[in-house]
Amino acid sequence: MKAETLLEKRKEEIYALGDQLFRTPELGYKELKTKAILTELFERNGLTVKDLGFETAFSVTIGSGSPHIGLIAELDALPTLGHPFASKTDHAAHSCGHSTQGTIMASVLLALKDTIRKGTVTLYFTPAEEFTDITYRKKLIREKKIRYIGGKINMLTAGCFDDADILIHLHTMGQGAFHFSLNTSLAGFIYKEITFHGLAAHAAVLPHKGINALNAFVLFDNAMNMLRETFEEKDCIRIHGMIREGGQTVNSIPERVVYECYVRSRNETALLSTAEKVDNAAKHAAKAIGARASIRNTPGYLPMVQNRRINDVIRREMLKYCRLEEINDNEVSQAAGDIGDVSIFKPTVQFGYSGFAGSCHGKDLCVVDNTRAYLEPAKVVAGTVEYLLSHPTIIETILKEFEPRMTMEEYLAYVNG
Ligand SMILES: [Zn+2]
């Protein structure tokens, strides 16, 4: 029997699980109830849940031997004021639809459990994809419970995904015209906090005795604008920021100015080199007028590069449920996710599915079509896994061709700042 048939038979249970998880929104590293619901489901079906640490990360494996296909489902919600199912305490809501990922992937694994003959499938549940609730996460870092803000970054550096040959992930597209999306690139970003240090003096009587930190910032801002002509269109570079502190009092020369910004790009080499250009501009613009700049970098996520061979198989499955024109292929998105970091090291894909109304991260995001939001993407994943397991040469070719875009040493140097 094919997993597709089992999924069709079990669809009412799948929708009920989806509804239950959608009504159980929890912020990153706090997804305890979600984990308990899923653990109970797997254990009731005779599967063992493996705890992967980092508060709520876990995995479930079926089958044995190679190839080994990894599936990824995100656990977390994000603060969304006014969402109908938002938590009363921290406003956590599934306004990014991650609850549907858990539902789809859990259902896929339970169906495959009864159908696969050879090969291994591991489903990884990953916490804290959303870059939010930073104060709490910094506390977890101080307590050594996590090392990084993003869930998959912790799991990646701890080697959690090492056993998988390839990784399949999926994400809602929110409301839109397309049925599915494929080969979407995601941007990466680095968050910077740049402090310009000057020297306060009476602004009217003794300006010559002061060092104006705001002037250092203005010089730096001009340098950044001049750098913009060095950006290539293909890299989709964005620098956007704001002055958090522009001085201390209007009658003194500003002693300290704090500027926060994001550097974004869809190409990690361009991302890292642009971040370096920004740092150089800040340091040297400050130095030019006798001030000093100190820079604190917090790595966000790296750009997502999709594995096209896996997506060719996924497209084949999607076409069982829609026409080619209904697939948004090769979209360039400025959104970012920690799946981008995973794609540095493993052949990885993330496809998009529909069935929602409202906008992602908005208070109106909800499932309006169970078939599109749960059943079809589950059948697409299950069909893809079955096809890949019965055509082992595809994964062999993928692994032969794949080159990690960084070494782990380079990556650790980047995430550790
Ligand atoms: Zn999301």
# chains A, B, ... in the order shown; residues from 1 in each chain; ligands from 1
>>> residues_near_ligand(ligand="ligand 1", cutoff="8 Å", atoms="only C-alpha atoms and all ligand atoms", output="number ranges by chain")
A: 74, 96-98, 129-130, 171-172, 337, 360
>>> write_last_selection(atoms="C-alpha atoms", output="PDB file, in the first residue's frame")
ATOM      1  CA  GLU A  74       9.096  23.624  13.206  1.00  0.00           C
ATOM      2  CA  CYS A  96       3.289  31.567  10.701  1.00  0.00           C
ATOM      3  CA  GLY A  97       1.425  28.260  10.444  1.00  0.00           C
ATOM      4  CA  HIS A  98       4.159  26.084  11.983  1.00  0.00           C
ATOM      5  CA  GLU A 129      12.637  29.303  14.217  1.00  0.00           C
ATOM      6  CA  GLU A 130      11.197  32.771  14.738  1.00  0.00           C
ATOM      7  CA  HIS A 171       6.203  26.117   4.966  1.00  0.00           C
ATOM      8  CA  THR A 172       2.849  27.760   4.401  1.00  0.00           C
ATOM      9  CA  GLY A 337      14.724  31.259   8.146  1.00  0.00           C
ATOM     10  CA  CYS A 360       1.933  35.336   7.504  1.00  0.00           C
TER      11      CYS A 360
END
>>> select_by_dssp(residues="region 115-325 of chain A", states="alpha helix (DSSP H)", output="number ranges by chain")
A: 134-142, 151-157, 213-227, 268-288, 308-318
>>> residues_around(residues="region 44-54 of chain A", least_positions_apart="2", cutoff="9 Å", atoms="only C-alpha atoms", output="ChimeraX atom specification")
/A:29,39-42,56-62,110,127,145-147,151,154-155,160
>>> select_by_dssp(residues="region 85-213 of chain A", states="strand (DSSP E)", output="ChimeraX atom specification")
/A:92-93,119-126,166-172,180-182,188-197
>>> closest_residue(among="A:Lys88, A:Lys138, A:Lys2, A:Arg292", to="Val108 (chain A)", atoms="only C-alpha atoms")
A:Lys2
>>> residues_around(residues="Tyr15 (chain A)", least_positions_apart="5", cutoff="9 Å", atoms="only C-alpha atoms", output="CSV table (one decimal) with C-alpha atoms, in the first residue's frame")
chain,number,residue,atom,x,y,z
A,10,ARG,CA,-6.9,9.1,8.1
A,20,GLN,CA,-5.4,21.0,18.3
A,103,THR,CA,0.7,18.0,11.7
A,370,ASN,CA,-7.8,21.4,5.1
A,371,THR,CA,-7.1,19.5,1.8
A,374,TYR,CA,-2.7,19.4,5.4
A,375,LEU,CA,-3.6,16.5,3.1
>>> residues_around(residues="Ile72 (chain A)", least_positions_apart="4", cutoff="10 Å", atoms="only C-alpha atoms", output="PyMOL selection string")
chain A and resi 59+101-102+105-106+122-126+152+161+167-170+339+348-350
>>> closest_atom_pairs(of="region 342-413 of chain A", to="region 270-280 of chain A", cutoff="12 Å", atoms="only C-alpha atoms", output="CSV")
residue,atom,partner,partner_atom,distance
A:Glu410,CA,A:Leu272,CA,11.6
A:Tyr411,CA,A:Leu272,CA,11.4
A:Ala413,CA,A:Leu272,CA,11.8
>>> write_last_selection(atoms="C-alpha atoms", output="compact mmCIF listing (two decimals), in the first residue's frame")
# COMPACT_ATOMS: atom_id res chain seq x y z
CA GLU A 410 34.09 28.66 9.16
CA TYR A 411 30.47 28.40 10.23
CA ALA A 413 33.61 31.33 13.51
>>> residues_around(residues="Ile237 (chain A)", least_positions_apart="3", cutoff="8 Å", atoms="only C-alpha atoms", output="NGL selection string")
:A and (231-233 or 263-266 or 270-271)
>>> decode(residues="region 224-353 of chain A", atoms="C-alpha atoms", output="compact mmCIF listing (two decimals), in the first residue's frame")
# COMPACT_ATOMS: atom_id res chain seq x y z
CA MET A 224 27.19 53.32 3.51
CA ASN A 225 25.24 55.16 0.81
CA MET A 226 28.40 55.33 -1.30
CA LEU A 227 28.89 51.60 -0.83
CA ARG A 228 25.46 50.90 -2.30
CA GLU A 229 26.82 51.22 -5.85
CA THR A 230 29.03 48.20 -5.12
CA PHE A 231 25.99 45.98 -4.49
CA GLU A 232 25.07 43.58 -7.29
CA GLU A 233 21.38 43.10 -8.14
CA LYS A 234 21.72 39.31 -8.08
CA ASP A 235 22.68 39.36 -4.39
CA CYS A 236 19.56 41.33 -3.29
CA ILE A 237 21.45 43.23 -0.59
CA ARG A 238 19.48 45.35 1.87
CA ILE A 239 20.78 47.45 4.75
CA HIS A 240 18.05 48.92 6.92
CA GLY A 241 18.46 50.49 10.31
CA MET A 242 17.53 53.16 12.84
CA ILE A 243 19.22 55.40 15.39
CA ARG A 244 18.23 54.16 18.84
CA GLU A 245 20.13 56.82 20.74
CA GLY A 246 21.08 60.04 18.96
CA GLY A 247 22.75 61.92 21.81
CA GLN A 248 22.23 62.58 25.48
CA THR A 249 21.12 66.20 25.76
CA VAL A 250 20.64 68.89 23.17
CA ASN A 251 23.00 71.39 24.82
CA SER A 252 25.97 69.01 24.74
CA ILE A 253 27.97 67.53 21.91
CA PRO A 254 26.59 63.96 21.60
CA GLU A 255 28.94 61.62 23.44
CA ARG A 256 27.26 58.40 22.36
CA VAL A 257 25.13 57.39 19.36
CA VAL A 258 23.68 53.90 18.96
CA TYR A 259 22.62 52.64 15.53
CA GLU A 260 20.93 49.28 14.91
CA CYS A 261 20.67 47.67 11.52
CA TYR A 262 20.12 44.49 9.53
CA VAL A 263 22.33 43.52 6.63
CA ARG A 264 20.48 41.13 4.31
CA SER A 265 21.41 39.23 1.18
CA ARG A 266 20.41 36.07 -0.62
CA ASN A 267 24.09 35.17 -1.11
CA GLU A 268 26.11 34.36 2.00
CA THR A 269 29.44 35.47 0.51
CA ALA A 270 27.89 38.85 -0.30
CA LEU A 271 26.22 38.92 3.12
CA LEU A 272 29.51 38.41 4.95
CA SER A 273 31.49 40.80 2.74
CA THR A 274 28.80 43.51 3.01
CA ALA A 275 28.75 43.11 6.78
CA GLU A 276 32.51 43.65 6.75
CA LYS A 277 32.16 46.76 4.55
CA VAL A 278 29.66 48.19 7.05
CA ASP A 279 32.05 47.50 9.94
CA ASN A 280 34.96 49.14 8.12
CA ALA A 281 32.83 52.19 7.25
CA ALA A 282 31.80 52.57 10.90
CA LYS A 283 35.31 52.18 12.32
CA HIS A 284 37.03 54.47 9.84
CA ALA A 285 34.32 57.14 9.66
CA ALA A 286 34.51 57.37 13.44
CA LYS A 287 38.29 57.48 13.42
CA ALA A 288 38.31 60.23 10.79
CA ILE A 289 36.93 62.69 13.34
CA GLY A 290 38.61 61.25 16.44
CA ALA A 291 35.66 59.16 17.58
CA ARG A 292 35.50 55.39 17.98
CA ALA A 293 32.99 52.79 16.87
CA SER A 294 32.27 49.52 18.66
CA ILE A 295 30.23 46.88 16.89
CA ARG A 296 28.16 44.01 18.26
CA ASN A 297 27.08 41.44 15.69
CA THR A 298 24.34 38.91 16.25
CA PRO A 299 24.23 36.39 13.41
CA GLY A 300 20.70 35.94 12.09
CA TYR A 301 20.17 33.26 9.46
CA LEU A 302 22.07 32.41 6.30
CA PRO A 303 20.50 32.36 2.82
CA MET A 304 18.56 29.29 1.71
CA VAL A 305 19.81 27.47 -1.36
CA GLN A 306 17.48 24.73 -2.54
CA ASN A 307 18.48 21.38 -3.93
CA ARG A 308 16.94 21.25 -7.39
CA ARG A 309 17.15 17.49 -7.84
CA ILE A 310 14.99 16.89 -4.76
CA ASN A 311 12.62 19.62 -5.97
CA ASP A 312 12.28 17.88 -9.34
CA VAL A 313 10.85 14.87 -7.49
CA ILE A 314 8.62 17.12 -5.37
CA ARG A 315 7.30 18.89 -8.50
CA ARG A 316 6.37 15.50 -9.95
CA GLU A 317 4.31 14.77 -6.82
CA MET A 318 2.73 18.25 -6.76
CA LEU A 319 1.50 17.82 -10.32
CA LYS A 320 -0.82 15.07 -9.07
CA TYR A 321 -2.79 17.83 -7.30
CA CYS A 322 -2.39 20.94 -9.48
CA ARG A 323 -1.33 22.25 -12.88
CA LEU A 324 2.23 23.45 -13.61
CA GLU A 325 1.10 27.11 -13.81
CA GLU A 326 -0.20 26.81 -10.24
CA ILE A 327 3.32 26.19 -8.89
CA ASN A 328 5.33 29.31 -8.08
CA ASP A 329 8.78 28.12 -9.19
CA ASN A 330 12.06 30.03 -8.49
CA GLU A 331 10.58 32.78 -6.34
CA VAL A 332 13.11 35.18 -4.76
CA SER A 333 12.03 35.98 -1.21
CA GLN A 334 13.49 38.54 1.20
CA ALA A 335 12.21 36.47 4.12
CA ALA A 336 14.74 34.45 6.11
CA GLY A 337 14.72 31.26 8.15
CA ASP A 338 17.21 29.06 9.98
CA ILE A 339 16.62 26.36 7.36
CA GLY A 340 19.07 28.51 5.34
CA ASP A 341 21.89 27.52 7.70
CA VAL A 342 20.97 23.86 7.34
CA SER A 343 21.14 24.21 3.54
CA ILE A 344 24.85 25.16 3.85
CA PHE A 345 25.69 21.65 4.98
CA LYS A 346 23.03 19.30 3.59
CA PRO A 347 21.04 18.99 0.36
CA THR A 348 17.88 20.69 1.61
CA VAL A 349 14.52 21.84 0.28
CA GLN A 350 11.62 23.85 1.58
CA PHE A 351 8.46 23.94 -0.49
CA GLY A 352 5.40 26.13 0.05
CA TYR A 353 1.75 25.06 0.37
